[in-house]
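structure.cif follows (mmCIF, C-alpha atoms and all ligand atoms):
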```
data_protein
loop_
_atom_site.group_PDB
_atom_site.id
_atom_site.type_symbol
_atom_site.label_atom_id
_atom_site.label_comp_id
_atom_site.auth_asym_id
_atom_site.auth_seq_id
_atom_site.Cartn_x
_atom_site.Cartn_y
_atom_site.Cartn_z
ATOM 1 C CA MET A 1 11.248 49.834 102.253
ATOM 2 C CA ALA A 2 13.080 53.178 102.399
ATOM 3 C CA GLU A 3 11.792 55.726 99.907
ATOM 4 C CA GLU A 4 14.249 56.324 97.069
ATOM 5 C CA LYS A 5 15.795 59.823 97.208
ATOM 6 C CA LYS A 6 15.454 62.150 94.235
ATOM 7 C CA VAL A 7 18.551 62.789 92.166
ATOM 8 C CA TYR A 8 19.913 66.293 92.816
ATOM 9 C CA SER A 9 23.147 66.144 90.880
ATOM 10 C CA ARG A 10 24.466 63.896 88.190
ATOM 11 C CA THR A 11 28.022 64.723 89.160
ATOM 12 C CA LYS A 12 29.103 61.557 90.911
ATOM 13 C CA GLY A 13 31.275 61.955 93.982
ATOM 14 C CA VAL A 14 30.923 65.734 94.166
ATOM 15 C CA LEU A 15 27.502 66.036 95.812
ATOM 16 C CA GLU A 16 25.306 63.666 97.792
ATOM 17 C CA ASN A 17 22.437 62.089 95.945
ATOM 18 C CA THR A 18 19.844 64.216 97.683
ATOM 19 C CA VAL A 19 17.570 67.238 97.256
ATOM 20 C CA SER A 20 18.914 70.572 98.487
ATOM 21 C CA GLY A 21 16.950 72.965 100.684
ATOM 22 C CA PHE A 22 18.195 76.047 98.835
ATOM 23 C CA CYS A 23 15.500 78.353 97.449
ATOM 24 C CA PRO A 24 14.776 78.307 93.712
ATOM 25 C CA GLY A 25 17.276 80.537 91.907
ATOM 26 C CA CYS A 26 19.798 80.487 94.761
ATOM 27 C CA MET A 27 23.343 80.166 93.463
ATOM 28 C CA HIS A 28 24.658 78.362 96.537
ATOM 29 C CA SER A 29 23.855 75.048 94.808
ATOM 30 C CA THR A 30 25.906 75.926 91.732
ATOM 31 C CA VAL A 31 28.838 77.074 93.843
ATOM 32 C CA HIS A 32 28.774 73.829 95.830
ATOM 33 C CA LYS A 33 28.884 71.849 92.617
ATOM 34 C CA ILE A 34 31.786 73.736 91.038
ATOM 35 C CA VAL A 35 33.888 73.599 94.213
ATOM 36 C CA GLY A 36 33.627 69.801 94.136
ATOM 37 C CA GLU A 37 34.228 69.673 90.392
ATOM 38 C CA ALA A 38 37.371 71.814 90.696
ATOM 39 C CA ALA A 39 38.801 69.423 93.289
ATOM 40 C CA GLU A 40 37.721 66.417 91.240
ATOM 41 C CA GLU A 41 39.505 67.790 88.152
ATOM 42 C CA LEU A 42 42.671 68.053 90.241
ATOM 43 C CA GLY A 43 42.187 64.471 91.460
ATOM 44 C CA LYS A 44 41.965 65.717 95.054
ATOM 45 C CA LEU A 45 38.359 65.074 96.067
ATOM 46 C CA ASP A 46 39.518 62.614 98.717
ATOM 47 C CA LYS A 47 41.726 65.317 100.275
ATOM 48 C CA LEU A 48 39.080 68.027 100.261
ATOM 49 C CA VAL A 49 38.026 69.474 103.626
ATOM 50 C CA ARG A 50 35.285 72.052 103.877
ATOM 51 C CA VAL A 51 35.025 74.507 106.745
ATOM 52 C CA GLU A 52 31.707 76.199 106.463
ATOM 53 C CA GLY A 53 30.274 79.291 108.014
ATOM 54 C CA VAL A 54 26.873 79.704 109.608
ATOM 55 C CA GLY A 55 24.042 80.751 107.312
ATOM 56 C CA CYS A 56 22.622 79.275 104.131
ATOM 57 C CA CYS A 57 26.336 78.937 103.354
ATOM 58 C CA GLY A 58 26.355 76.420 106.228
ATOM 59 C CA LEU A 59 23.825 74.016 104.735
ATOM 60 C CA GLY A 60 26.359 72.453 102.405
ATOM 61 C CA GLN A 61 27.509 69.887 104.946
ATOM 62 C CA PHE A 62 24.305 67.976 104.076
ATOM 63 C CA TYR A 63 24.975 68.073 100.337
ATOM 64 C CA VAL A 64 28.711 67.655 99.721
ATOM 65 C CA SER A 65 30.305 64.238 99.706
ATOM 66 C CA HIS A 66 33.640 65.306 101.146
ATOM 67 C CA ASP A 67 34.695 66.007 104.733
ATOM 68 C CA ALA A 68 33.019 69.048 106.247
ATOM 69 C CA ILE A 69 32.967 70.843 109.562
ATOM 70 C CA ILE A 70 30.901 73.846 110.576
ATOM 71 C CA ALA A 71 32.715 76.670 112.342
ATOM 72 C CA ALA A 72 31.037 79.034 114.784
ATOM 73 C CA HIS A 73 29.649 82.087 112.986
ATOM 74 C CA GLY A 74 32.568 83.993 111.430
ATOM 75 C CA ARG A 75 35.317 81.718 112.692
ATOM 76 C CA GLY A 76 35.870 79.779 109.463
ATOM 77 C CA CYS A 77 39.355 81.150 108.794
ATOM 78 C CA ALA A 78 40.503 80.399 112.344
ATOM 79 C CA VAL A 79 39.230 76.811 112.147
ATOM 80 C CA ALA A 80 40.710 76.343 108.661
ATOM 81 C CA THR A 81 44.058 77.589 109.969
ATOM 82 C CA GLY A 82 44.078 74.862 112.598
ATOM 83 C CA ILE A 83 43.018 72.123 110.182
ATOM 84 C CA LYS A 84 45.504 73.075 107.459
ATOM 85 C CA ARG A 85 48.417 73.492 109.853
ATOM 86 C CA SER A 86 47.745 70.150 111.533
ATOM 87 C CA SER A 87 46.910 68.324 108.294
ATOM 88 C CA PRO A 88 48.992 69.995 105.573
ATOM 89 C CA ASP A 89 48.151 67.327 102.967
ATOM 90 C CA SER A 90 44.465 68.229 103.085
ATOM 91 C CA LEU A 91 42.972 70.581 100.518
ATOM 92 C CA VAL A 92 41.182 72.980 102.847
ATOM 93 C CA TYR A 93 38.616 75.607 101.941
ATOM 94 C CA THR A 94 36.233 77.779 103.872
ATOM 95 C CA TYR A 95 32.780 78.427 102.473
ATOM 96 C CA GLN A 96 31.444 81.634 103.980
ATOM 97 C CA GLY A 97 28.685 84.147 103.433
ATOM 98 C CA ASP A 98 29.057 87.902 103.634
ATOM 99 C CA GLY A 99 27.539 88.130 107.099
ATOM 100 C CA ASP A 100 29.843 85.370 108.260
ATOM 101 C CA LEU A 101 33.091 86.458 106.574
ATOM 102 C CA ALA A 102 32.803 90.256 106.444
ATOM 103 C CA ALA A 103 30.783 91.102 109.576
ATOM 104 C CA ILE A 104 31.269 88.886 112.624
ATOM 105 C CA GLY A 105 34.271 87.134 111.052
ATOM 106 C CA LEU A 106 36.106 90.166 109.692
ATOM 107 C CA GLY A 107 38.923 89.896 112.251
ATOM 108 C CA GLU A 108 39.532 86.201 111.547
ATOM 109 C CA THR A 109 39.420 86.766 107.788
ATOM 110 C CA MET A 110 41.841 89.698 107.815
ATOM 111 C CA SER A 111 44.228 87.963 110.205
ATOM 112 C CA ALA A 112 44.358 84.711 108.228
ATOM 113 C CA ALA A 113 44.879 86.638 104.971
ATOM 114 C CA ASN A 114 47.568 88.766 106.615
ATOM 115 C CA ARG A 115 49.385 85.636 107.803
ATOM 116 C CA GLY A 116 49.177 84.175 104.307
ATOM 117 C CA GLU A 117 47.609 80.963 105.582
ATOM 118 C CA ASN A 118 47.765 78.256 102.961
ATOM 119 C CA PHE A 119 44.070 77.573 102.373
ATOM 120 C CA THR A 120 41.319 78.757 100.053
ATOM 121 C CA VAL A 121 38.382 80.966 100.939
ATOM 122 C CA ILE A 122 35.179 80.711 98.928
ATOM 123 C CA PHE A 123 33.288 83.880 99.805
ATOM 124 C CA VAL A 124 29.635 83.892 98.738
ATOM 125 C CA ASN A 125 28.537 87.533 98.613
ATOM 126 C CA ASN A 126 24.770 87.814 98.210
ATOM 127 C CA GLY A 127 24.583 91.230 99.851
ATOM 128 C CA ILE A 128 22.405 90.109 102.753
ATOM 129 C CA TYR A 129 22.005 87.770 105.711
ATOM 130 C CA GLY A 130 20.123 85.058 103.860
ATOM 131 C CA MET A 131 19.366 82.407 106.435
ATOM 132 C CA THR A 132 18.154 84.681 109.209
ATOM 133 C CA GLY A 133 15.627 86.513 107.062
ATOM 134 C CA GLY A 134 17.316 89.370 105.253
ATOM 135 C CA GLN A 135 19.205 91.605 107.675
ATOM 136 C CA MET A 136 21.746 94.122 106.359
ATOM 137 C CA ALA A 137 25.229 92.758 105.714
ATOM 138 C CA PRO A 138 28.465 94.740 105.253
ATOM 139 C CA THR A 139 27.997 94.173 101.502
ATOM 140 C CA THR A 140 24.374 95.394 101.308
ATOM 141 C CA LEU A 141 24.147 98.096 98.632
ATOM 142 C CA LEU A 142 23.333 101.727 99.409
ATOM 143 C CA GLY A 143 19.577 102.153 99.139
ATOM 144 C CA MET A 144 18.929 98.425 99.346
ATOM 145 C CA LYS A 145 16.150 97.496 101.734
ATOM 146 C CA SER A 146 16.700 94.879 104.408
ATOM 147 C CA THR A 147 14.835 94.020 107.592
ATOM 148 C CA THR A 148 17.338 96.119 109.564
ATOM 149 C CA SER A 149 17.382 98.963 107.016
ATOM 150 C CA PRO A 150 13.712 99.054 105.964
ATOM 151 C CA ALA A 151 14.103 102.484 104.352
ATOM 152 C CA GLY A 152 17.211 101.320 102.489
ATOM 153 C CA ARG A 153 20.859 101.348 103.526
ATOM 154 C CA SER A 154 22.155 104.871 104.062
ATOM 155 C CA ALA A 155 25.827 105.805 104.188
ATOM 156 C CA GLU A 156 25.211 108.231 107.078
ATOM 157 C CA GLU A 157 23.487 105.682 109.275
ATOM 158 C CA HIS A 158 25.031 102.374 108.213
ATOM 159 C CA GLY A 159 28.280 103.110 106.424
ATOM 160 C CA TYR A 160 29.255 102.071 102.931
ATOM 161 C CA PRO A 161 29.294 98.629 101.279
ATOM 162 C CA MET A 162 32.531 96.769 102.012
ATOM 163 C CA HIS A 163 34.626 95.322 99.181
ATOM 164 C CA MET A 164 36.520 92.345 100.481
ATOM 165 C CA CYS A 165 38.723 91.651 97.433
ATOM 166 C CA GLU A 166 39.827 95.290 97.424
ATOM 167 C CA ILE A 167 40.373 95.341 101.195
ATOM 168 C CA LEU A 168 42.449 92.138 101.250
ATOM 169 C CA ASN A 169 44.364 93.443 98.239
ATOM 170 C CA GLN A 170 45.888 96.073 100.574
ATOM 171 C CA LEU A 171 47.661 93.332 102.550
ATOM 172 C CA THR A 172 51.080 92.012 101.563
ATOM 173 C CA ALA A 173 50.537 88.278 102.009
ATOM 174 C CA PRO A 174 47.540 87.159 99.891
ATOM 175 C CA TYR A 175 48.550 85.238 96.765
ATOM 176 C CA TYR A 176 45.349 85.176 94.733
ATOM 177 C CA LEU A 177 42.122 87.201 94.902
ATOM 178 C CA GLU A 178 39.411 86.984 92.264
ATOM 179 C CA ARG A 179 35.758 88.017 92.095
ATOM 180 C CA VAL A 180 33.483 85.881 89.929
ATOM 181 C CA SER A 181 29.789 85.078 89.523
ATOM 182 C CA CYS A 182 27.542 82.255 88.356
ATOM 183 C CA ASP A 183 24.849 84.107 86.412
ATOM 184 C CA THR A 184 25.647 82.608 82.996
ATOM 185 C CA PRO A 185 27.155 79.301 81.860
ATOM 186 C CA GLN A 186 30.307 81.221 80.827
ATOM 187 C CA ASN A 187 30.610 82.766 84.275
ATOM 188 C CA VAL A 188 30.057 79.392 85.936
ATOM 189 C CA ILE A 189 33.005 78.030 83.931
ATOM 190 C CA LYS A 190 35.115 81.071 84.879
ATOM 191 C CA ALA A 191 34.181 80.618 88.524
ATOM 192 C CA ARG A 192 35.109 76.930 88.450
ATOM 193 C CA ASN A 193 38.445 77.761 86.817
ATOM 194 C CA ALA A 194 39.122 80.399 89.485
ATOM 195 C CA ILE A 195 38.419 77.898 92.253
ATOM 196 C CA LYS A 196 40.570 75.304 90.539
ATOM 197 C CA LYS A 197 43.413 77.817 90.247
ATOM 198 C CA ALA A 198 43.093 78.714 93.933
ATOM 199 C CA PHE A 199 43.180 75.023 94.859
ATOM 200 C CA GLN A 200 46.256 74.480 92.689
ATOM 201 C CA TYR A 201 48.007 77.406 94.406
ATOM 202 C CA GLN A 202 47.214 75.809 97.756
ATOM 203 C CA LEU A 203 48.615 72.472 96.562
ATOM 204 C CA ASP A 204 51.754 74.368 95.515
ATOM 205 C CA GLY A 205 52.029 75.912 98.997
ATOM 206 C CA LYS A 206 51.535 79.493 97.806
ATOM 207 C CA GLY A 207 49.393 80.700 100.710
ATOM 208 C CA PHE A 208 46.134 82.552 101.034
ATOM 209 C CA SER A 209 43.610 82.708 98.187
ATOM 210 C CA MET A 210 40.067 84.007 98.090
ATOM 211 C CA VAL A 211 37.492 83.542 95.352
ATOM 212 C CA GLU A 212 34.530 85.851 95.934
ATOM 213 C CA VAL A 213 31.368 84.716 94.182
ATOM 214 C CA VAL A 214 28.806 87.493 93.767
ATOM 215 C CA THR A 215 25.419 85.803 93.937
ATOM 216 C CA SER A 216 21.732 86.511 94.369
ATOM 217 C CA CYS A 217 19.309 85.818 97.214
ATOM 218 C CA PRO A 218 15.941 86.036 95.438
ATOM 219 C CA THR A 219 14.046 85.229 98.627
ATOM 220 C CA ASN A 220 15.426 88.037 100.763
ATOM 221 C CA TRP A 221 15.859 90.482 97.907
ATOM 222 C CA GLY A 222 12.104 90.046 97.406
ATOM 223 C CA LEU A 223 12.573 89.421 93.692
ATOM 224 C CA SER A 224 11.679 86.637 91.289
ATOM 225 C CA THR A 225 14.518 84.410 90.164
ATOM 226 C CA ILE A 226 14.653 86.251 86.813
ATOM 227 C CA ASP A 227 14.425 89.753 88.319
ATOM 228 C CA SER A 228 17.124 88.870 90.847
ATOM 229 C CA LEU A 229 19.472 88.079 87.944
ATOM 230 C CA ASP A 230 18.815 91.548 86.481
ATOM 231 C CA PHE A 231 19.479 93.133 89.875
ATOM 232 C CA LEU A 232 22.658 91.113 90.231
ATOM 233 C CA ARG A 233 23.991 92.244 86.863
ATOM 234 C CA GLU A 234 22.866 95.875 87.032
ATOM 235 C CA LYS A 235 23.455 96.708 90.699
ATOM 236 C CA MET A 236 25.688 94.116 92.352
ATOM 237 C CA PHE A 237 28.251 93.931 89.532
ATOM 238 C CA ALA A 238 28.410 97.752 89.430
ATOM 239 C CA GLU A 239 29.405 97.835 93.120
ATOM 240 C CA TYR A 240 31.435 94.622 93.031
ATOM 241 C CA PRO A 241 33.234 94.466 89.662
ATOM 242 C CA LEU A 242 34.197 90.966 88.572
ATOM 243 C CA GLY A 243 37.828 90.262 87.805
ATOM 244 C CA VAL A 244 41.236 89.280 89.103
ATOM 245 C CA TYR A 245 42.478 91.538 91.909
ATOM 246 C CA ARG A 246 45.696 89.715 92.667
ATOM 247 C CA ASP A 247 47.440 86.771 91.076
ATOM 248 C CA GLY A 248 50.742 85.184 91.966
ATOM 249 C CA GLY A 249 51.069 87.692 94.804
ATOM 250 C CA GLU A 250 50.931 90.620 92.333
ATOM 251 C CA LYS A 251 48.264 93.280 92.342
ATOM 252 C CA LYS A 252 46.219 93.288 89.135
ATOM 253 C CA LYS A 253 43.834 96.097 90.105
HETATM 254 C C1 LIG B 301 27.475 83.958 117.097
HETATM 255 C C2 LIG B 301 26.253 83.962 116.206
HETATM 256 N N1 LIG B 301 25.652 85.134 115.955
HETATM 257 C C3 LIG B 301 24.560 85.168 115.147
HETATM 258 C C4 LIG B 301 24.063 84.005 114.611
HETATM 259 C C5 LIG B 301 22.831 84.063 113.747
HETATM 260 N N2 LIG B 301 23.095 83.920 112.334
HETATM 261 C C6 LIG B 301 22.990 82.714 111.721
HETATM 262 S S1 LIG B 301 23.243 82.820 110.068
HETATM 263 C C7 LIG B 301 23.518 84.490 110.169
HETATM 264 C C8 LIG B 301 23.786 85.311 108.936
HETATM 265 C C9 LIG B 301 24.281 84.550 107.770
HETATM 266 O O1 LIG B 301 24.451 85.412 106.675
HETATM 267 P P1 LIG B 301 25.566 85.142 105.610
HETATM 268 O O2 LIG B 301 26.841 84.833 106.269
HETATM 269 O O3 LIG B 301 25.563 86.270 104.658
HETATM 270 O O4 LIG B 301 25.103 83.775 104.917
HETATM 271 P P2 LIG B 301 23.898 83.504 103.895
HETATM 272 O O5 LIG B 301 22.777 82.938 104.714
HETATM 273 O O6 LIG B 301 23.532 84.779 103.222
HETATM 274 O O7 LIG B 301 24.486 82.493 102.946
HETATM 275 C C10 LIG B 301 23.415 84.937 111.472
HETATM 276 C C11 LIG B 301 23.572 86.353 111.901
HETATM 277 C C12 LIG B 301 24.731 82.794 114.916
HETATM 278 N N3 LIG B 301 24.324 81.628 114.390
HETATM 279 N N4 LIG B 301 25.816 82.796 115.711
HETATM 280 S S1 LIG B 302 17.510 82.514 101.716
HETATM 281 FE FE1 LIG B 302 18.761 83.350 100.023
HETATM 282 S S2 LIG B 302 20.847 82.531 100.329
HETATM 283 FE FE2 LIG B 302 19.405 81.289 101.555
HETATM 284 S S3 LIG B 302 18.855 79.541 100.241
HETATM 285 FE FE3 LIG B 302 17.284 81.131 99.960
HETATM 286 S S4 LIG B 302 17.980 82.337 98.170
HETATM 287 FE FE4 LIG B 302 19.754 81.140 98.931
HETATM 288 MG MG MG B 303 24.779 86.446 102.747
#
```
Whole structure given in structure tokens:
Amino acid sequence: MAEEKKVYSRTKGVLENTVSGFCPGCMHSTVHKIVGEAAEELGKLDKLVRVEGVGCCGLGQFYVSHDAIIAAHGRGCAVATGIKRSSPDSLVYTYQGDGDLAAIGLGETMSAANRGENFTVIFVNNGIYGMTGGQMAPTTLLGMKSTTSPAGRSAEEHGYPMHMCEILNQLTAPYYLERVSCDTPQNVIKARNAIKKAFQYQLDGKGFSMVEVVTSCPTNWGLSTIDSLDFLREKMFAEYPLGVYRDGGEKKK
């Protein structure tokens, strides 16, 4: 007889009834859950299509109970463009890490945002390449150690951290840009509401939205789950301030 799987989520229809491979304290699991919940609240779970990047951000295909496809590293926005244009009734989102979206995929991201493509980007910024063992990402903080910046990121050698909400806010087309986190129950609710709003804008045909979720990667930050929360709040939020950058096509910051 097949062994019964452990229950991972009690949220029926949003996630598979299975155990995730995310590290303890990783916020990817929470973000997966609230993406599904936002679509469920809109009654659109059956229309939801996930285009995921490569990285720990690309493990979700095994855990979500809606349609999912993995795009080659960085190509999420190009693949989502094709899916949304050919299947306009679908509720399409990309789920991408910072290495995926802001490094190898920067061109695809900027171009899709500049065209005002009508889909939603969920950008999980944990400041590092998580899956491949902690290499420097465009969002790695100055001074932060990674396997490719063992002495810490330096502006002279590696350039400065990149702020994707602020960068996309320079374009004309994007409709909604917000940066959120999941470090407290209140922030989880705010993040879910932001995702729900972005989905609603897509349903209304408003064009490109991005919700950036600033998260932790305790494993590659080399910190305990508790210490990684302190680092997130003290260092990551200082570099990546939470808030609405654009709403309804209007700049808010
Ligand atoms: C074309 C290509 N280049 C490099 C890789 C190796 N690779 C896999 S995941 C990854 C980084 C993922 O980092 P990020 O997007 O930040 O996601 P995270 O794991 O942090 O969620 C890289 C470089 C690949 N799979 N394909
Ligand atoms: S390596 Fe980092 S991003 Fe990947 S599952 Fe572990 S904590 Fe999460
Ligand atoms: Mg990352």
Nearby residues, ligand LIG 302 (chain B), 10 Å, all atoms listed in the file, as a PyMOL selection string: chain A and resi 20-29+55-59+97+124-134+215-223+225+228
May I have the centre and edge lengths, in Å to one decimal, of an axis-aligned box around the listed atoms of range 52-61 of chain A with 3 Å added to every side, as AutoDock Vina command-line options?
```
--center_x 27.2 --center_y 75.3 --center_z 106.0 --size_x 15.1 --size_y 16.9 --size_z 13.2
```
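When all atoms listed in the file are used to measure the gap to Gly249 in chain A, the shortest distance among A:Pro174, A:Gly152, A:Gly159, A:Gly116 belongs to A:Pro174.
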Kindly resolve the PyMOL selection byres (((chain A and resi 155) around 12) and not hetatm) on the present coordinates and return the residues as an MDAnalysis selection string. chainID A and resid 138 140:144 149 152:154 156:162
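Put simply, the PyMOL selection byres (((chain A and resi 170) around 12) and not hetatm) in this file takes in Met110, Ala113, Asn114, His163, Met164, Cys165, Glu166, Ile167, Leu168, Asn169, Leu171, Thr172, Ala173, Pro174, Tyr175, Leu177, Tyr245, Arg246, Gly249, Glu250, Lys251, Lys252 and Lys253 of chain A.
For the set A:Arg75, A:Lys196, A:Lys206, A:Arg85, the residue with the smallest atom-to-atom gap to ligand LIG 301 (chain B) is A:Arg75, counting only C-alpha atoms and all ligand atoms.
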Any chance you could resolve the PyMOL selection byres (((chain A and resi 36) around 9) and not hetatm) against this file and give the residues as a list in words?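 With the shown file as input, the PyMOL selection byres (((chain A and resi 36) around 9) and not hetatm) matches Gly13, Val14, Leu15, Val31, His32, Lys33, Ile34, Val35, Glu37, Ala38, Ala39, Glu40, Glu41, Leu45, Leu48, Val64, Ser65 and His66 of chain A.
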Write to file, as a PDB file, keeping the file's coordinate frame, the residues of the selection just made, with C-alpha atoms.
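After the write, part_35.pdb holds the following:
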```pdb
ATOM      1  CA  GLY A  13      31.275  61.955  93.982  1.00  0.00           C
ATOM      2  CA  VAL A  14      30.923  65.734  94.166  1.00  0.00           C
ATOM      3  CA  LEU A  15      27.502  66.036  95.812  1.00  0.00           C
ATOM      4  CA  VAL A  31      28.838  77.074  93.843  1.00  0.00           C
ATOM      5  CA  HIS A  32      28.774  73.829  95.830  1.00  0.00           C
ATOM      6  CA  LYS A  33      28.884  71.849  92.617  1.00  0.00           C
ATOM      7  CA  ILE A  34      31.786  73.736  91.038  1.00  0.00           C
ATOM      8  CA  VAL A  35      33.888  73.599  94.213  1.00  0.00           C
ATOM      9  CA  GLU A  37      34.228  69.673  90.392  1.00  0.00           C
ATOM     10  CA  ALA A  38      37.371  71.814  90.696  1.00  0.00           C
ATOM     11  CA  ALA A  39      38.801  69.423  93.289  1.00  0.00           C
ATOM     12  CA  GLU A  40      37.721  66.417  91.240  1.00  0.00           C
ATOM     13  CA  GLU A  41      39.505  67.790  88.152  1.00  0.00           C
ATOM     14  CA  LEU A  45      38.359  65.074  96.067  1.00  0.00           C
ATOM     15  CA  LEU A  48      39.080  68.027 100.261  1.00  0.00           C
ATOM     16  CA  VAL A  64      28.711  67.655  99.721  1.00  0.00           C
ATOM     17  CA  SER A  65      30.305  64.238  99.706  1.00  0.00           C
ATOM     18  CA  HIS A  66      33.640  65.306 101.146  1.00  0.00           C
TER      19      HIS A  66
END
```
Here is a test: counting only C-alpha atoms, which residue of A:Ile226, A:Ala137, A:Val121, A:Leu42 is nearest to Met210 in chain A? A:Val121
In Å, with one decimal, what is the gap from CA of Lys235 in chain A to CA of Lys197 in chain A?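 CA of Lys235 in chain A sits 27.5 Å away from CA of Lys197 in chain A.
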Between CA of Ile195 in chain A and CA of Arg179 in chain A, measure the distance and give it in Å to one decimal.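 Straight-line distance from CA of Ile195 in chain A to CA of Arg179 in chain A works out to 10.5 Å.
Rounded to one decimal, CA of Asp183 in chain A and CA of Ile69 in chain A lie 27.9 Å from each other.
Using only C-alpha atoms, the smallest distance between any of A:Gln200, A:Ser90, A:Ser209, A:Thr30 and Cys182 in chain A comes from A:Thr30.
Minimum atom-to-atom distances from A:Ala103, A:Val211, A:Ala151, A:Val49 to Ser87 in chain A were compared using all atoms listed in the file, and the lowest value belongs to A:Val49.
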Using the atoms already present, construct N, CA, C and O atoms for range 179-192 of chain A and hand them back as a PDB file, in the coordinates of the input.
```pdb
ATOM      1  N   ARG A 179      37.214  87.922  91.894  1.00  0.00           N
ATOM      2  CA  ARG A 179      35.758  88.017  92.095  1.00  0.00           C
ATOM      3  C   ARG A 179      35.063  87.493  90.840  1.00  0.00           C
ATOM      4  O   ARG A 179      35.368  87.932  89.727  1.00  0.00           O
ATOM      5  N   VAL A 180      34.157  86.557  91.042  1.00  0.00           N
ATOM      6  CA  VAL A 180      33.483  85.881  89.929  1.00  0.00           C
ATOM      7  C   VAL A 180      31.975  85.875  90.204  1.00  0.00           C
ATOM      8  O   VAL A 180      31.520  86.345  91.236  1.00  0.00           O
ATOM      9  N   SER A 181      31.217  85.300  89.266  1.00  0.00           N
ATOM     10  CA  SER A 181      29.789  85.078  89.523  1.00  0.00           C
ATOM     11  C   SER A 181      29.345  83.804  88.814  1.00  0.00           C
ATOM     12  O   SER A 181      30.165  83.126  88.184  1.00  0.00           O
ATOM     13  N   CYS A 182      28.067  83.487  88.957  1.00  0.00           N
ATOM     14  CA  CYS A 182      27.542  82.255  88.356  1.00  0.00           C
ATOM     15  C   CYS A 182      26.241  82.538  87.606  1.00  0.00           C
ATOM     16  O   CYS A 182      25.348  81.702  87.584  1.00  0.00           O
ATOM     17  N   ASP A 183      26.125  83.732  87.019  1.00  0.00           N
ATOM     18  CA  ASP A 183      24.849  84.107  86.412  1.00  0.00           C
ATOM     19  C   ASP A 183      24.675  83.589  84.991  1.00  0.00           C
ATOM     20  O   ASP A 183      23.560  83.606  84.469  1.00  0.00           O
ATOM     21  N   THR A 184      25.737  83.164  84.359  1.00  0.00           N
ATOM     22  CA  THR A 184      25.647  82.608  82.996  1.00  0.00           C
ATOM     23  C   THR A 184      26.525  81.348  82.953  1.00  0.00           C
ATOM     24  O   THR A 184      27.432  81.206  83.783  1.00  0.00           O
ATOM     25  N   PRO A 185      26.284  80.479  81.970  1.00  0.00           N
ATOM     26  CA  PRO A 185      27.155  79.301  81.860  1.00  0.00           C
ATOM     27  C   PRO A 185      28.632  79.695  81.735  1.00  0.00           C
ATOM     28  O   PRO A 185      29.501  79.059  82.332  1.00  0.00           O
ATOM     29  N   GLN A 186      28.910  80.775  80.980  1.00  0.00           N
ATOM     30  CA  GLN A 186      30.307  81.221  80.827  1.00  0.00           C
ATOM     31  C   GLN A 186      30.894  81.615  82.176  1.00  0.00           C
ATOM     32  O   GLN A 186      32.042  81.284  82.484  1.00  0.00           O
ATOM     33  N   ASN A 187      30.107  82.342  82.972  1.00  0.00           N
ATOM     34  CA  ASN A 187      30.610  82.766  84.275  1.00  0.00           C
ATOM     35  C   ASN A 187      30.751  81.599  85.248  1.00  0.00           C
ATOM     36  O   ASN A 187      31.605  81.623  86.128  1.00  0.00           O
ATOM     37  N   VAL A 188      29.904  80.587  85.089  1.00  0.00           N
ATOM     38  CA  VAL A 188      30.057  79.392  85.936  1.00  0.00           C
ATOM     39  C   VAL A 188      31.399  78.724  85.621  1.00  0.00           C
ATOM     40  O   VAL A 188      32.149  78.324  86.522  1.00  0.00           O
ATOM     41  N   ILE A 189      31.727  78.644  84.327  1.00  0.00           N
ATOM     42  CA  ILE A 189      33.005  78.030  83.931  1.00  0.00           C
ATOM     43  C   ILE A 189      34.174  78.860  84.466  1.00  0.00           C
ATOM     44  O   ILE A 189      35.142  78.323  85.019  1.00  0.00           O
ATOM     45  N   LYS A 190      34.056  80.197  84.355  1.00  0.00           N
ATOM     46  CA  LYS A 190      35.115  81.071  84.879  1.00  0.00           C
ATOM     47  C   LYS A 190      35.271  80.887  86.387  1.00  0.00           C
ATOM     48  O   LYS A 190      36.389  80.864  86.910  1.00  0.00           O
ATOM     49  N   ALA A 191      34.137  80.773  87.064  1.00  0.00           N
ATOM     50  CA  ALA A 191      34.181  80.618  88.524  1.00  0.00           C
ATOM     51  C   ALA A 191      34.848  79.290  88.885  1.00  0.00           C
ATOM     52  O   ALA A 191      35.678  79.219  89.796  1.00  0.00           O
ATOM     53  N   ARG A 192      34.498  78.241  88.159  1.00  0.00           N
ATOM     54  CA  ARG A 192      35.109  76.930  88.450  1.00  0.00           C
ATOM     55  C   ARG A 192      36.619  76.985  88.191  1.00  0.00           C
ATOM     56  O   ARG A 192      37.411  76.447  88.965  1.00  0.00           O
TER      57      ARG A 192
END
```
